$ cat start-v1.txt   # compact mmCIF, N, CA and C atoms
# COMPACT_ATOMS: atom_id res chain seq x y z
N MET A 1050 6.33 39.22 -8.53
CA MET A 1050 7.18 38.74 -7.46
C MET A 1050 6.38 37.92 -6.44
N TRP A 1051 5.19 38.42 -6.04
CA TRP A 1051 4.37 37.71 -5.06
C TRP A 1051 3.90 36.37 -5.61
N LYS A 1052 3.69 36.32 -6.92
CA LYS A 1052 3.27 35.05 -7.53
C LYS A 1052 4.36 33.99 -7.37
N VAL A 1053 5.60 34.40 -7.54
CA VAL A 1053 6.72 33.48 -7.41
C VAL A 1053 6.84 33.01 -5.96
N VAL A 1054 6.74 33.94 -5.01
CA VAL A 1054 6.83 33.59 -3.59
C VAL A 1054 5.68 32.67 -3.20
N THR A 1055 4.45 33.01 -3.63
CA THR A 1055 3.28 32.18 -3.33
C THR A 1055 3.45 30.79 -3.92
N PHE A 1056 3.91 30.72 -5.16
CA PHE A 1056 4.13 29.42 -5.80
C PHE A 1056 5.17 28.60 -5.04
N ALA A 1057 6.25 29.26 -4.63
CA ALA A 1057 7.32 28.55 -3.89
C ALA A 1057 6.79 28.02 -2.57
N ILE A 1058 6.03 28.83 -1.85
CA ILE A 1058 5.47 28.38 -0.57
C ILE A 1058 4.50 27.22 -0.80
N PHE A 1059 3.65 27.34 -1.80
CA PHE A 1059 2.70 26.27 -2.10
C PHE A 1059 3.43 24.98 -2.47
N THR A 1060 4.49 25.10 -3.26
CA THR A 1060 5.25 23.92 -3.69
C THR A 1060 5.90 23.23 -2.49
N ILE A 1061 6.47 24.01 -1.58
CA ILE A 1061 7.10 23.44 -0.39
C ILE A 1061 6.05 22.76 0.48
N PHE A 1062 4.90 23.41 0.67
CA PHE A 1062 3.82 22.84 1.48
C PHE A 1062 3.30 21.55 0.85
N ALA A 1063 3.11 21.56 -0.47
CA ALA A 1063 2.61 20.36 -1.16
C ALA A 1063 3.61 19.21 -1.03
N ALA A 1064 4.89 19.51 -1.11
CA ALA A 1064 5.91 18.46 -0.96
C ALA A 1064 5.88 17.88 0.44
N GLN A 1065 5.69 18.74 1.46
CA GLN A 1065 5.63 18.25 2.83
C GLN A 1065 4.39 17.39 3.05
N VAL A 1066 3.25 17.81 2.51
CA VAL A 1066 2.02 17.02 2.63
C VAL A 1066 2.20 15.69 1.92
N SER A 1067 2.81 15.72 0.73
CA SER A 1067 3.05 14.50 -0.02
C SER A 1067 3.97 13.56 0.75
N ALA A 1068 5.03 14.11 1.33
CA ALA A 1068 5.97 13.27 2.09
C ALA A 1068 5.28 12.64 3.29
N SER A 1069 4.47 13.41 4.00
CA SER A 1069 3.78 12.84 5.16
C SER A 1069 2.75 11.81 4.71
N GLY A 1070 2.11 12.04 3.57
CA GLY A 1070 1.19 11.04 3.01
C GLY A 1070 1.92 9.77 2.64
N ASN A 1071 3.11 9.92 2.05
CA ASN A 1071 3.91 8.75 1.69
C ASN A 1071 4.30 7.96 2.92
N ASP A 1072 4.69 8.66 3.99
CA ASP A 1072 5.05 7.98 5.23
C ASP A 1072 3.86 7.22 5.81
N ALA A 1073 2.70 7.85 5.78
CA ALA A 1073 1.49 7.20 6.31
C ALA A 1073 1.11 5.98 5.47
N ILE A 1074 1.28 6.07 4.17
CA ILE A 1074 0.99 4.94 3.29
C ILE A 1074 1.94 3.79 3.58
N LYS A 1075 3.21 4.09 3.68
CA LYS A 1075 4.20 3.05 3.99
C LYS A 1075 3.90 2.40 5.34
N ARG A 1076 3.55 3.22 6.31
CA ARG A 1076 3.23 2.69 7.65
C ARG A 1076 2.01 1.78 7.60
N THR A 1077 1.00 2.14 6.82
CA THR A 1077 -0.20 1.31 6.68
C THR A 1077 0.16 -0.05 6.11
N ILE A 1078 0.95 -0.06 5.04
CA ILE A 1078 1.36 -1.32 4.41
C ILE A 1078 2.23 -2.14 5.38
N GLU A 1079 3.18 -1.48 6.02
CA GLU A 1079 4.05 -2.18 6.98
C GLU A 1079 3.24 -2.77 8.13
N ASP A 1080 2.27 -2.00 8.63
CA ASP A 1080 1.46 -2.49 9.75
C ASP A 1080 0.59 -3.67 9.34
N GLN A 1081 0.08 -3.64 8.12
CA GLN A 1081 -0.72 -4.78 7.66
C GLN A 1081 0.17 -6.02 7.52
N ILE A 1082 1.34 -5.87 6.96
CA ILE A 1082 2.25 -7.00 6.80
C ILE A 1082 2.66 -7.54 8.17
N ALA A 1083 2.91 -6.65 9.12
CA ALA A 1083 3.25 -7.09 10.49
C ALA A 1083 2.11 -7.91 11.09
N ALA A 1084 0.87 -7.50 10.84
CA ALA A 1084 -0.28 -8.25 11.34
C ALA A 1084 -0.36 -9.63 10.67
N PHE A 1085 -0.08 -9.68 9.36
CA PHE A 1085 -0.07 -10.99 8.67
C PHE A 1085 0.97 -11.92 9.30
N LYS A 1086 2.15 -11.38 9.60
CA LYS A 1086 3.21 -12.21 10.18
C LYS A 1086 2.79 -12.83 11.51
N LEU A 1087 1.87 -12.17 12.21
CA LEU A 1087 1.36 -12.67 13.49
C LEU A 1087 0.07 -13.47 13.34
N ASN A 1088 -0.34 -13.71 12.09
CA ASN A 1088 -1.62 -14.36 11.79
C ASN A 1088 -2.79 -13.60 12.41
N ASP A 1089 -2.63 -12.30 12.57
CA ASP A 1089 -3.68 -11.44 13.11
C ASP A 1089 -4.48 -10.87 11.94
N PHE A 1090 -5.35 -11.69 11.39
CA PHE A 1090 -6.09 -11.29 10.20
C PHE A 1090 -7.13 -10.22 10.51
N GLU A 1091 -7.60 -10.16 11.72
CA GLU A 1091 -8.55 -9.10 12.11
C GLU A 1091 -7.89 -7.73 11.98
N THR A 1092 -6.68 -7.59 12.51
CA THR A 1092 -5.95 -6.32 12.38
C THR A 1092 -5.58 -6.06 10.94
N ALA A 1093 -5.09 -7.07 10.24
CA ALA A 1093 -4.73 -6.90 8.83
C ALA A 1093 -5.94 -6.43 8.02
N PHE A 1094 -7.09 -7.00 8.31
CA PHE A 1094 -8.34 -6.66 7.63
C PHE A 1094 -8.74 -5.21 7.90
N SER A 1095 -8.37 -4.68 9.04
CA SER A 1095 -8.74 -3.30 9.40
C SER A 1095 -8.06 -2.27 8.51
N PHE A 1096 -7.00 -2.65 7.79
CA PHE A 1096 -6.30 -1.73 6.90
C PHE A 1096 -6.91 -1.69 5.50
N ALA A 1097 -7.92 -2.51 5.25
CA ALA A 1097 -8.59 -2.55 3.95
C ALA A 1097 -9.65 -1.45 3.87
N THR A 1098 -9.94 -1.02 2.65
CA THR A 1098 -11.00 -0.03 2.45
C THR A 1098 -12.35 -0.64 2.81
N PRO A 1099 -13.33 0.20 3.10
CA PRO A 1099 -14.67 -0.32 3.37
C PRO A 1099 -15.20 -1.22 2.24
N PHE A 1100 -14.88 -0.88 0.99
CA PHE A 1100 -15.33 -1.70 -0.14
C PHE A 1100 -14.76 -3.12 -0.05
N LEU A 1101 -13.45 -3.24 0.23
CA LEU A 1101 -12.85 -4.57 0.35
C LEU A 1101 -13.38 -5.32 1.56
N ARG A 1102 -13.61 -4.61 2.64
CA ARG A 1102 -14.15 -5.26 3.84
C ARG A 1102 -15.54 -5.84 3.54
N GLU A 1103 -16.32 -5.09 2.80
CA GLU A 1103 -17.65 -5.58 2.41
C GLU A 1103 -17.53 -6.76 1.45
N LYS A 1104 -16.61 -6.66 0.51
CA LYS A 1104 -16.43 -7.72 -0.49
C LYS A 1104 -16.04 -9.05 0.16
N PHE A 1105 -15.12 -9.02 1.11
CA PHE A 1105 -14.66 -10.26 1.74
C PHE A 1105 -15.53 -10.68 2.91
N GLY A 1106 -16.21 -9.76 3.53
CA GLY A 1106 -17.17 -10.09 4.57
C GLY A 1106 -16.61 -10.40 5.94
N SER A 1107 -15.44 -10.99 6.00
CA SER A 1107 -14.85 -11.33 7.30
C SER A 1107 -13.34 -11.38 7.19
N ALA A 1108 -12.71 -11.24 8.36
CA ALA A 1108 -11.25 -11.31 8.42
C ALA A 1108 -10.76 -12.70 8.02
N GLU A 1109 -11.55 -13.73 8.34
CA GLU A 1109 -11.16 -15.11 7.98
C GLU A 1109 -11.12 -15.29 6.46
N ASN A 1110 -12.14 -14.78 5.77
CA ASN A 1110 -12.15 -14.87 4.30
C ASN A 1110 -10.98 -14.09 3.71
N PHE A 1111 -10.74 -12.92 4.25
CA PHE A 1111 -9.64 -12.08 3.78
C PHE A 1111 -8.30 -12.79 4.00
N GLY A 1112 -8.11 -13.35 5.19
CA GLY A 1112 -6.87 -14.07 5.50
C GLY A 1112 -6.65 -15.26 4.58
N ARG A 1113 -7.71 -15.98 4.29
CA ARG A 1113 -7.61 -17.13 3.38
C ARG A 1113 -7.19 -16.68 1.98
N MET A 1114 -7.76 -15.56 1.52
CA MET A 1114 -7.39 -15.04 0.20
C MET A 1114 -5.92 -14.65 0.17
N VAL A 1115 -5.43 -14.00 1.22
CA VAL A 1115 -4.03 -13.57 1.25
C VAL A 1115 -3.10 -14.77 1.32
N ARG A 1116 -3.39 -15.73 2.17
CA ARG A 1116 -2.53 -16.93 2.28
C ARG A 1116 -2.45 -17.67 0.95
N ASN A 1117 -3.57 -17.76 0.24
CA ASN A 1117 -3.61 -18.52 -1.01
C ASN A 1117 -3.14 -17.71 -2.22
N GLY A 1118 -3.48 -16.43 -2.28
CA GLY A 1118 -3.18 -15.64 -3.46
C GLY A 1118 -1.96 -14.76 -3.35
N TYR A 1119 -1.56 -14.42 -2.12
CA TYR A 1119 -0.44 -13.51 -1.90
C TYR A 1119 0.46 -14.05 -0.78
N PRO A 1120 0.97 -15.27 -0.92
CA PRO A 1120 1.77 -15.84 0.17
C PRO A 1120 3.03 -15.02 0.48
N MET A 1121 3.54 -14.31 -0.51
CA MET A 1121 4.73 -13.48 -0.27
C MET A 1121 4.42 -12.30 0.65
N VAL A 1122 3.16 -11.85 0.66
CA VAL A 1122 2.75 -10.77 1.54
C VAL A 1122 2.51 -11.32 2.95
N TRP A 1123 2.01 -12.52 3.02
CA TRP A 1123 1.72 -13.16 4.30
C TRP A 1123 3.02 -13.47 5.06
N ARG A 1124 4.06 -13.88 4.34
CA ARG A 1124 5.33 -14.25 4.97
C ARG A 1124 6.53 -13.70 4.19
N PRO A 1125 6.66 -12.38 4.11
CA PRO A 1125 7.80 -11.83 3.37
C PRO A 1125 9.09 -11.93 4.16
N SER A 1126 10.20 -12.00 3.44
CA SER A 1126 11.48 -11.91 4.14
C SER A 1126 12.02 -10.49 4.07
N LYS A 1127 11.56 -9.73 3.06
CA LYS A 1127 12.03 -8.35 2.90
C LYS A 1127 10.97 -7.55 2.16
N VAL A 1128 10.79 -6.30 2.57
CA VAL A 1128 9.84 -5.39 1.92
C VAL A 1128 10.58 -4.11 1.58
N ILE A 1129 10.54 -3.73 0.29
CA ILE A 1129 11.24 -2.54 -0.18
C ILE A 1129 10.22 -1.64 -0.88
N PHE A 1130 10.12 -0.41 -0.43
CA PHE A 1130 9.20 0.55 -1.04
C PHE A 1130 9.88 1.23 -2.21
N LEU A 1131 9.21 1.20 -3.36
CA LEU A 1131 9.72 1.83 -4.57
C LEU A 1131 8.91 3.10 -4.82
N GLU A 1132 8.65 3.42 -6.07
CA GLU A 1132 7.96 4.67 -6.38
C GLU A 1132 6.48 4.62 -6.02
N ASN A 1133 5.91 5.81 -5.94
CA ASN A 1133 4.46 5.89 -5.81
C ASN A 1133 3.96 6.88 -6.84
N GLU A 1134 2.67 6.80 -7.10
CA GLU A 1134 2.08 7.64 -8.15
C GLU A 1134 0.62 7.91 -7.82
N ARG A 1135 0.13 8.99 -8.33
CA ARG A 1135 -1.29 9.31 -8.15
C ARG A 1135 -2.11 8.47 -9.13
N TYR A 1136 -3.28 8.10 -8.69
CA TYR A 1136 -4.28 7.52 -9.59
C TYR A 1136 -5.61 8.14 -9.21
N HIS A 1137 -6.66 7.88 -9.96
CA HIS A 1137 -7.90 8.64 -9.82
C HIS A 1137 -8.56 8.57 -8.44
N HIS A 1138 -8.27 7.57 -7.61
CA HIS A 1138 -8.90 7.49 -6.29
C HIS A 1138 -7.92 7.74 -5.14
N GLY A 1139 -6.66 7.97 -5.43
CA GLY A 1139 -5.70 8.17 -4.35
C GLY A 1139 -4.28 8.05 -4.84
N LEU A 1140 -3.48 7.27 -4.12
CA LEU A 1140 -2.09 7.04 -4.46
C LEU A 1140 -1.85 5.55 -4.64
N ALA A 1141 -0.91 5.22 -5.49
CA ALA A 1141 -0.52 3.83 -5.69
C ALA A 1141 0.94 3.71 -5.29
N GLN A 1142 1.23 2.75 -4.42
CA GLN A 1142 2.59 2.52 -3.92
C GLN A 1142 3.11 1.21 -4.48
N VAL A 1143 4.25 1.26 -5.18
CA VAL A 1143 4.88 0.06 -5.69
C VAL A 1143 5.82 -0.48 -4.62
N VAL A 1144 5.72 -1.79 -4.37
CA VAL A 1144 6.49 -2.44 -3.33
C VAL A 1144 7.16 -3.68 -3.91
N GLN A 1145 8.43 -3.86 -3.61
CA GLN A 1145 9.13 -5.10 -3.93
C GLN A 1145 9.11 -5.96 -2.68
N ILE A 1146 8.58 -7.16 -2.81
CA ILE A 1146 8.54 -8.08 -1.67
C ILE A 1146 9.36 -9.30 -2.03
N VAL A 1147 10.31 -9.61 -1.18
CA VAL A 1147 11.15 -10.79 -1.37
C VAL A 1147 10.56 -11.89 -0.49
N ASP A 1148 10.25 -13.03 -1.12
CA ASP A 1148 9.64 -14.12 -0.37
C ASP A 1148 10.70 -14.95 0.36
N ALA A 1149 10.26 -15.98 1.06
CA ALA A 1149 11.16 -16.81 1.87
C ALA A 1149 12.20 -17.54 1.02
N ASN A 1150 11.92 -17.72 -0.28
CA ASN A 1150 12.87 -18.39 -1.18
C ASN A 1150 13.82 -17.42 -1.87
N GLY A 1151 13.71 -16.13 -1.55
CA GLY A 1151 14.59 -15.14 -2.15
C GLY A 1151 14.10 -14.58 -3.47
N LYS A 1152 12.89 -14.95 -3.89
CA LYS A 1152 12.33 -14.45 -5.16
C LYS A 1152 11.65 -13.11 -4.92
N SER A 1153 11.92 -12.15 -5.83
CA SER A 1153 11.30 -10.83 -5.74
C SER A 1153 9.96 -10.82 -6.45
N HIS A 1154 9.00 -10.16 -5.82
CA HIS A 1154 7.67 -9.95 -6.38
C HIS A 1154 7.41 -8.45 -6.33
N TYR A 1155 6.83 -7.91 -7.38
CA TYR A 1155 6.52 -6.49 -7.44
C TYR A 1155 5.02 -6.32 -7.41
N LEU A 1156 4.56 -5.50 -6.47
CA LEU A 1156 3.14 -5.29 -6.30
C LEU A 1156 2.84 -3.80 -6.24
N ARG A 1157 1.68 -3.44 -6.77
CA ARG A 1157 1.20 -2.06 -6.66
C ARG A 1157 0.02 -2.07 -5.70
N TYR A 1158 0.18 -1.34 -4.60
CA TYR A 1158 -0.88 -1.18 -3.61
C TYR A 1158 -1.68 0.07 -3.97
N TYR A 1159 -2.97 -0.08 -4.15
CA TYR A 1159 -3.85 1.06 -4.41
C TYR A 1159 -4.37 1.57 -3.08
N MET A 1160 -4.01 2.80 -2.75
CA MET A 1160 -4.30 3.38 -1.45
C MET A 1160 -5.35 4.48 -1.58
N MET A 1161 -6.29 4.47 -0.63
CA MET A 1161 -7.34 5.48 -0.60
C MET A 1161 -7.43 6.03 0.82
N GLU A 1162 -7.73 7.32 0.91
CA GLU A 1162 -7.82 7.96 2.22
C GLU A 1162 -9.27 7.99 2.69
N PHE A 1163 -9.50 7.49 3.91
CA PHE A 1163 -10.82 7.50 4.54
C PHE A 1163 -10.67 8.08 5.94
N ASP A 1164 -11.41 9.13 6.23
CA ASP A 1164 -11.41 9.74 7.56
C ASP A 1164 -10.00 10.02 8.07
N GLY A 1165 -9.14 10.51 7.19
CA GLY A 1165 -7.79 10.88 7.59
C GLY A 1165 -6.79 9.75 7.69
N SER A 1166 -7.21 8.52 7.34
CA SER A 1166 -6.30 7.36 7.38
C SER A 1166 -6.23 6.72 6.00
N TRP A 1167 -5.05 6.25 5.65
CA TRP A 1167 -4.88 5.55 4.38
C TRP A 1167 -5.30 4.09 4.54
N ARG A 1168 -6.04 3.59 3.57
CA ARG A 1168 -6.51 2.21 3.54
C ARG A 1168 -6.11 1.58 2.21
N ILE A 1169 -5.95 0.28 2.24
CA ILE A 1169 -5.55 -0.47 1.05
C ILE A 1169 -6.81 -0.86 0.29
N GLY A 1170 -6.89 -0.42 -0.96
CA GLY A 1170 -8.06 -0.68 -1.79
C GLY A 1170 -7.88 -1.81 -2.77
N GLY A 1171 -6.67 -2.32 -2.88
CA GLY A 1171 -6.39 -3.43 -3.80
C GLY A 1171 -4.90 -3.56 -4.00
N VAL A 1172 -4.50 -4.71 -4.49
CA VAL A 1172 -3.09 -4.98 -4.77
C VAL A 1172 -3.01 -5.65 -6.12
N GLU A 1173 -2.09 -5.20 -6.94
CA GLU A 1173 -1.91 -5.71 -8.29
C GLU A 1173 -0.49 -6.24 -8.46
N PHE A 1174 -0.36 -7.42 -9.04
CA PHE A 1174 0.97 -7.94 -9.38
C PHE A 1174 1.50 -7.19 -10.59
N LEU A 1175 2.78 -6.87 -10.57
CA LEU A 1175 3.44 -6.21 -11.69
C LEU A 1175 4.48 -7.14 -12.28
N PRO A 1176 4.68 -7.08 -13.58
CA PRO A 1176 5.72 -7.93 -14.19
C PRO A 1176 7.10 -7.52 -13.69
N ALA A 1177 7.89 -8.51 -13.30
CA ALA A 1177 9.25 -8.24 -12.83
C ALA A 1177 10.08 -7.58 -13.91
N SER A 1178 9.77 -7.85 -15.18
CA SER A 1178 10.54 -7.27 -16.28
C SER A 1178 10.45 -5.75 -16.30
N ASP A 1179 9.40 -5.17 -15.68
CA ASP A 1179 9.29 -3.72 -15.60
C ASP A 1179 10.37 -3.12 -14.71
N PHE A 1180 11.02 -3.96 -13.88
CA PHE A 1180 11.99 -3.46 -12.92
C PHE A 1180 13.38 -4.02 -13.16
N SER A 1181 13.59 -4.74 -14.24
CA SER A 1181 14.90 -5.31 -14.52
C SER A 1181 15.85 -4.24 -15.01
N VAL A 1182 17.13 -4.48 -14.76
CA VAL A 1182 18.16 -3.52 -15.18
C VAL A 1182 18.71 -3.94 -16.51
$ encode --input "start-v1.txt" --output "structure tokens"
Amino acid sequence: MWKVVTFAIFTIFAAQVSASGNDAIKRTIEDQIAAFKLNDFETAFSFATPFLREKFGSAENFGRMVRNGYPMVWRPSKVIFLENERYHHGLAQVVQIVDANGKSHYLRYYMMEFDGSWRIGGVEFLPASDFSV
């Protein structure tokens, strides 16, 4: 009986932790996109993992990469959070981003936790056919 009660309590606690982690991940992505909309690449860069910050070296380099490689992230018209999943370094959040022309783009954000905050460790384009009805 105690095993069942302990399992139930653990399951509820894990779900609450997961939900709060999901909210924090969504907030991190939303805050970075909000910074991009303001051309505040310094703030947007602050949401990247230490590895990405080292790789790009500066907020200017990072901003140039986003403007050229991810224009839909720089100027989205709509952001929709889809499923998330665990991967070996953290959580991956799938996001549908609708660009200014109304075209949907599907991206997987690889999220890692550093010092109690979620950081973006990379973004991968996903085939739209994976989400077609």
$ closest_residue --input "start-v1.txt" --among "A:Tyr1155, A:Val1143, A:Phe1096, A:Phe1111" --to "Arg1076 (chain A)" --atoms "only C-alpha atoms"
A:Phe1096
$ atom_distance --input "start-v1.txt" --atom1 "atom N of Val1128 (chain A)" --atom2 "CA of Ala1073 (chain A)"
16.8 Å
$ select_by_dssp --input "start-v1.txt" --residues "chain A" --states "alpha helix (DSSP H)" --output "number ranges by chain"
A: 1051-1086, 1090-1095, 1099-1105, 1108-1118, 1120-1123
$ atom_distance --input "start-v1.txt" --atom1 "atom C of Asp1089 (chain A)" --atom2 "atom N of Ala1108 (chain A)"
9.0 Å
$ atom_distance --input "start-v1.txt" --atom1 "CA of Leu1140 (chain A)" --atom2 "CA of Met1160 (chain A)"
5.2 Å
$ select_by_dssp --input "start-v1.txt" --residues "chain A" --states "strand (DSSP E)" --output "PyMOL selection string"
chain A and resi 1127-1136+1139-1147+1153-1163+1166-1175
$ residues_around --input "start-v1.txt" --residues "Arg1168 (chain A)" --least-positions-apart "3" --cutoff "6 Å" --atoms "all atoms listed in the file" --output "NGL selection string"
:A and (1096-1098 or 1159-1163)
$ closest_residue --input "start-v1.txt" --among "A:Ala1177, A:Leu1131, A:Gly1171, A:Phe1094" --to "Glu1109 (chain A)" --atoms "only N, CA and C atoms"
A:Phe1094
$ closest_residue --input "start-v1.txt" --among "A:Leu1087, A:Ile1078, A:Phe1174, A:Ile1146" --to "Ile1129 (chain A)" --atoms "all atoms listed in the file"
A:Ile1146
$ residues_around --input "start-v1.txt" --residues "Glu1173 (chain A)" --least-positions-apart "3" --cutoff "8 Å" --atoms "only N, CA and C atoms" --output "list in words"
Tyr1155, Leu1156, Arg1157, Tyr1158, Tyr1159, Gly1170 and Pro1176 of chain A
$ closest_residue --input "start-v1.txt" --among "A:Gln1145, A:Gly1112, A:Asp1164, A:Glu1103" --to "Glu1091 (chain A)" --atoms "all atoms listed in the file"
A:Gly1112
$ build_atoms --input "start-v1.txt" --residues "region 1140-1149 of chain A" --atoms "all heavy atoms" --output "PDB file, in the frame of the given file"
ATOM      1  N   LEU A1140      -3.480   7.270  -4.120  1.00  0.00           N
ATOM      2  CA  LEU A1140      -2.090   7.040  -4.460  1.00  0.00           C
ATOM      3  C   LEU A1140      -1.850   5.550  -4.640  1.00  0.00           C
ATOM      4  O   LEU A1140      -2.517   4.729  -3.995  1.00  0.00           O
ATOM      5  CB  LEU A1140      -1.161   7.565  -3.364  1.00  0.00           C
ATOM      6  CG  LEU A1140      -1.081   9.072  -3.204  1.00  0.00           C
ATOM      7  CD1 LEU A1140      -0.264   9.436  -1.966  1.00  0.00           C
ATOM      8  CD2 LEU A1140      -0.450   9.713  -4.429  1.00  0.00           C
ATOM      9  N   ALA A1141      -0.910   5.220  -5.490  1.00  0.00           N
ATOM     10  CA  ALA A1141      -0.520   3.830  -5.690  1.00  0.00           C
ATOM     11  C   ALA A1141       0.940   3.710  -5.290  1.00  0.00           C
ATOM     12  O   ALA A1141       1.787   4.484  -5.735  1.00  0.00           O
ATOM     13  CB  ALA A1141      -0.720   3.403  -7.138  1.00  0.00           C
ATOM     14  N   GLN A1142       1.230   2.750  -4.420  1.00  0.00           N
ATOM     15  CA  GLN A1142       2.590   2.520  -3.920  1.00  0.00           C
ATOM     16  C   GLN A1142       3.110   1.210  -4.480  1.00  0.00           C
ATOM     17  O   GLN A1142       2.499   0.169  -4.291  1.00  0.00           O
ATOM     18  CB  GLN A1142       2.575   2.457  -2.385  1.00  0.00           C
ATOM     19  CG  GLN A1142       3.904   2.098  -1.761  1.00  0.00           C
ATOM     20  CD  GLN A1142       4.950   3.182  -1.963  1.00  0.00           C
ATOM     21  OE1 GLN A1142       4.748   4.333  -1.613  1.00  0.00           O
ATOM     22  NE2 GLN A1142       6.090   2.812  -2.538  1.00  0.00           N
ATOM     23  N   VAL A1143       4.250   1.260  -5.180  1.00  0.00           N
ATOM     24  CA  VAL A1143       4.880   0.060  -5.690  1.00  0.00           C
ATOM     25  C   VAL A1143       5.820  -0.480  -4.620  1.00  0.00           C
ATOM     26  O   VAL A1143       6.594   0.267  -4.013  1.00  0.00           O
ATOM     27  CB  VAL A1143       5.641   0.328  -7.007  1.00  0.00           C
ATOM     28  CG1 VAL A1143       6.359  -0.937  -7.489  1.00  0.00           C
ATOM     29  CG2 VAL A1143       4.681   0.839  -8.076  1.00  0.00           C
ATOM     30  N   VAL A1144       5.720  -1.790  -4.370  1.00  0.00           N
ATOM     31  CA  VAL A1144       6.490  -2.440  -3.330  1.00  0.00           C
ATOM     32  C   VAL A1144       7.160  -3.680  -3.910  1.00  0.00           C
ATOM     33  O   VAL A1144       6.523  -4.446  -4.646  1.00  0.00           O
ATOM     34  CB  VAL A1144       5.580  -2.845  -2.147  1.00  0.00           C
ATOM     35  CG1 VAL A1144       6.370  -3.544  -1.062  1.00  0.00           C
ATOM     36  CG2 VAL A1144       4.865  -1.630  -1.582  1.00  0.00           C
ATOM     37  N   GLN A1145       8.430  -3.860  -3.610  1.00  0.00           N
ATOM     38  CA  GLN A1145       9.130  -5.100  -3.930  1.00  0.00           C
ATOM     39  C   GLN A1145       9.110  -5.960  -2.680  1.00  0.00           C
ATOM     40  O   GLN A1145       9.545  -5.508  -1.611  1.00  0.00           O
ATOM     41  CB  GLN A1145      10.569  -4.823  -4.345  1.00  0.00           C
ATOM     42  CG  GLN A1145      11.366  -6.075  -4.620  1.00  0.00           C
ATOM     43  CD  GLN A1145      12.838  -5.779  -4.909  1.00  0.00           C
ATOM     44  OE1 GLN A1145      13.269  -4.633  -4.927  1.00  0.00           O
ATOM     45  NE2 GLN A1145      13.603  -6.827  -5.117  1.00  0.00           N
ATOM     46  N   ILE A1146       8.580  -7.160  -2.810  1.00  0.00           N
ATOM     47  CA  ILE A1146       8.540  -8.080  -1.670  1.00  0.00           C
ATOM     48  C   ILE A1146       9.360  -9.300  -2.030  1.00  0.00           C
ATOM     49  O   ILE A1146       9.141  -9.921  -3.076  1.00  0.00           O
ATOM     50  CB  ILE A1146       7.090  -8.472  -1.322  1.00  0.00           C
ATOM     51  CG1 ILE A1146       6.333  -7.215  -0.859  1.00  0.00           C
ATOM     52  CG2 ILE A1146       7.074  -9.562  -0.256  1.00  0.00           C
ATOM     53  CD1 ILE A1146       4.928  -7.444  -0.416  1.00  0.00           C
ATOM     54  N   VAL A1147      10.310  -9.610  -1.180  1.00  0.00           N
ATOM     55  CA  VAL A1147      11.150 -10.790  -1.370  1.00  0.00           C
ATOM     56  C   VAL A1147      10.560 -11.890  -0.490  1.00  0.00           C
ATOM     57  O   VAL A1147      10.363 -11.706   0.707  1.00  0.00           O
ATOM     58  CB  VAL A1147      12.613 -10.501  -0.999  1.00  0.00           C
ATOM     59  CG1 VAL A1147      13.478 -11.736  -1.206  1.00  0.00           C
ATOM     60  CG2 VAL A1147      13.145  -9.313  -1.804  1.00  0.00           C
ATOM     61  N   ASP A1148      10.250 -13.030  -1.120  1.00  0.00           N
ATOM     62  CA  ASP A1148       9.640 -14.120  -0.370  1.00  0.00           C
ATOM     63  C   ASP A1148      10.700 -14.950   0.360  1.00  0.00           C
ATOM     64  O   ASP A1148      11.903 -14.662   0.282  1.00  0.00           O
ATOM     65  CB  ASP A1148       8.746 -14.987  -1.266  1.00  0.00           C
ATOM     66  CG  ASP A1148       9.500 -15.746  -2.349  1.00  0.00           C
ATOM     67  OD1 ASP A1148      10.727 -15.962  -2.240  1.00  0.00           O
ATOM     68  OD2 ASP A1148       8.845 -16.160  -3.333  1.00  0.00           O
ATOM     69  N   ALA A1149      10.260 -15.980   1.060  1.00  0.00           N
ATOM     70  CA  ALA A1149      11.160 -16.810   1.870  1.00  0.00           C
ATOM     71  C   ALA A1149      12.200 -17.540   1.020  1.00  0.00           C
ATOM     72  O   ALA A1149      13.264 -17.916   1.530  1.00  0.00           O
ATOM     73  CB  ALA A1149      10.347 -17.817   2.674  1.00  0.00           C
TER      74      ALA A1149
END
